[in-house]
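Q: Have a look at this one before I ask anything.
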Amino acid sequence: MRRFTMFRFCLLAFSMFAMPAFAQGAEAPHAATNWVAITSGFAMALAVALAALGQSRVASAACEGLARNPAARPGIQLALILGLAFIESLVLFTLVIIFVKVVA
C-alpha cells in the first residue's frame with residue numbers, strides 16, 4: 001500500500017510540474033497543419049493497397065478456375081472482368097470522396 005501511495009504522490013508531482021509546459025506563449029500562433037490532406041493520403045494508400053490485394057486474389061482465382069476447367073472460360077472471364085471493375089470502382093470512389101473532402 002505504501003508503494004502505491006508513493007506512486008500516486010510522484011504522479012501528482014509530475015503532473016503539477018507539467019502544467020507550465022502547456023501554458024500559452026506570447027508568440028504568434030503558427031499556421032494550422034492541414035490534417036485532412038495528410039490523412040487523405042494515407043486513406044488513399046490504404047484503399048489502393050487493399051484493392052491491389054483484392055485484384056490479385058481475383059486474378060489468381062480466375063487462373064486457377066481456368067486451369068481446372070478450360071471449358072468454363074466465358075463465364076470465368078465475365079466474372080473476372082466484372083469483379084475487377086467493381087474493385088477498381090471502389091478505389092475511384094475513394095479518390096473522389098478524398099478529392100471532395102480536401103478541396104472543400
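Residue names in the C-alpha cells use chain letters A, B, ... in the order shown, residue numbers from 1 in each chain, and ligand numbers from 1 in the order shown.
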Give me, as a VMD selection string, all polymer residues having an atom no more than 12 Å from Ala85 in chain A, counting only C-alpha atoms and skipping those fewer than 5 positions away in the same chain.

A: chain A and resid 51 54 to 55 58 78 to 80 90 to 92

Q: Mind checking which residues fall within 12 Å of Phe99 in chain A, counting only C-alpha atoms, ignoring those fewer than 4 positions away in the same chain, and posting them as a list in words?

A: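 In the requested form, the answer reads Val36, Ala37, Ser40, Gly41, Ala43, Met44, Leu92, Phe93, Thr94, Leu95, Val103 and Ala104 of chain A.
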
Q: Just the selected residues (C-alpha atoms), exported as a compact mmCIF listing (two decimals), in the first residue's frame, please.

A:
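Below is the file again_5.txt, written as the result:
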# COMPACT_ATOMS: atom_id res chain seq x y z
CA VAL A 36 -7.30 16.35 -43.76
CA ALA A 37 -4.83 16.33 -46.64
CA SER A 40 -6.38 11.59 -47.10
CA GLY A 41 -3.05 10.45 -48.48
CA ALA A 43 -6.55 6.68 -46.77
CA MET A 44 -5.86 6.58 -50.49
CA LEU A 92 -12.10 5.58 -57.77
CA PHE A 93 -14.96 6.35 -55.37
CA THR A 94 -12.40 6.69 -52.58
CA LEU A 95 -10.38 9.08 -54.75
CA VAL A 103 -10.79 20.74 -51.87
CA ALA A 104 -13.93 21.72 -49.96
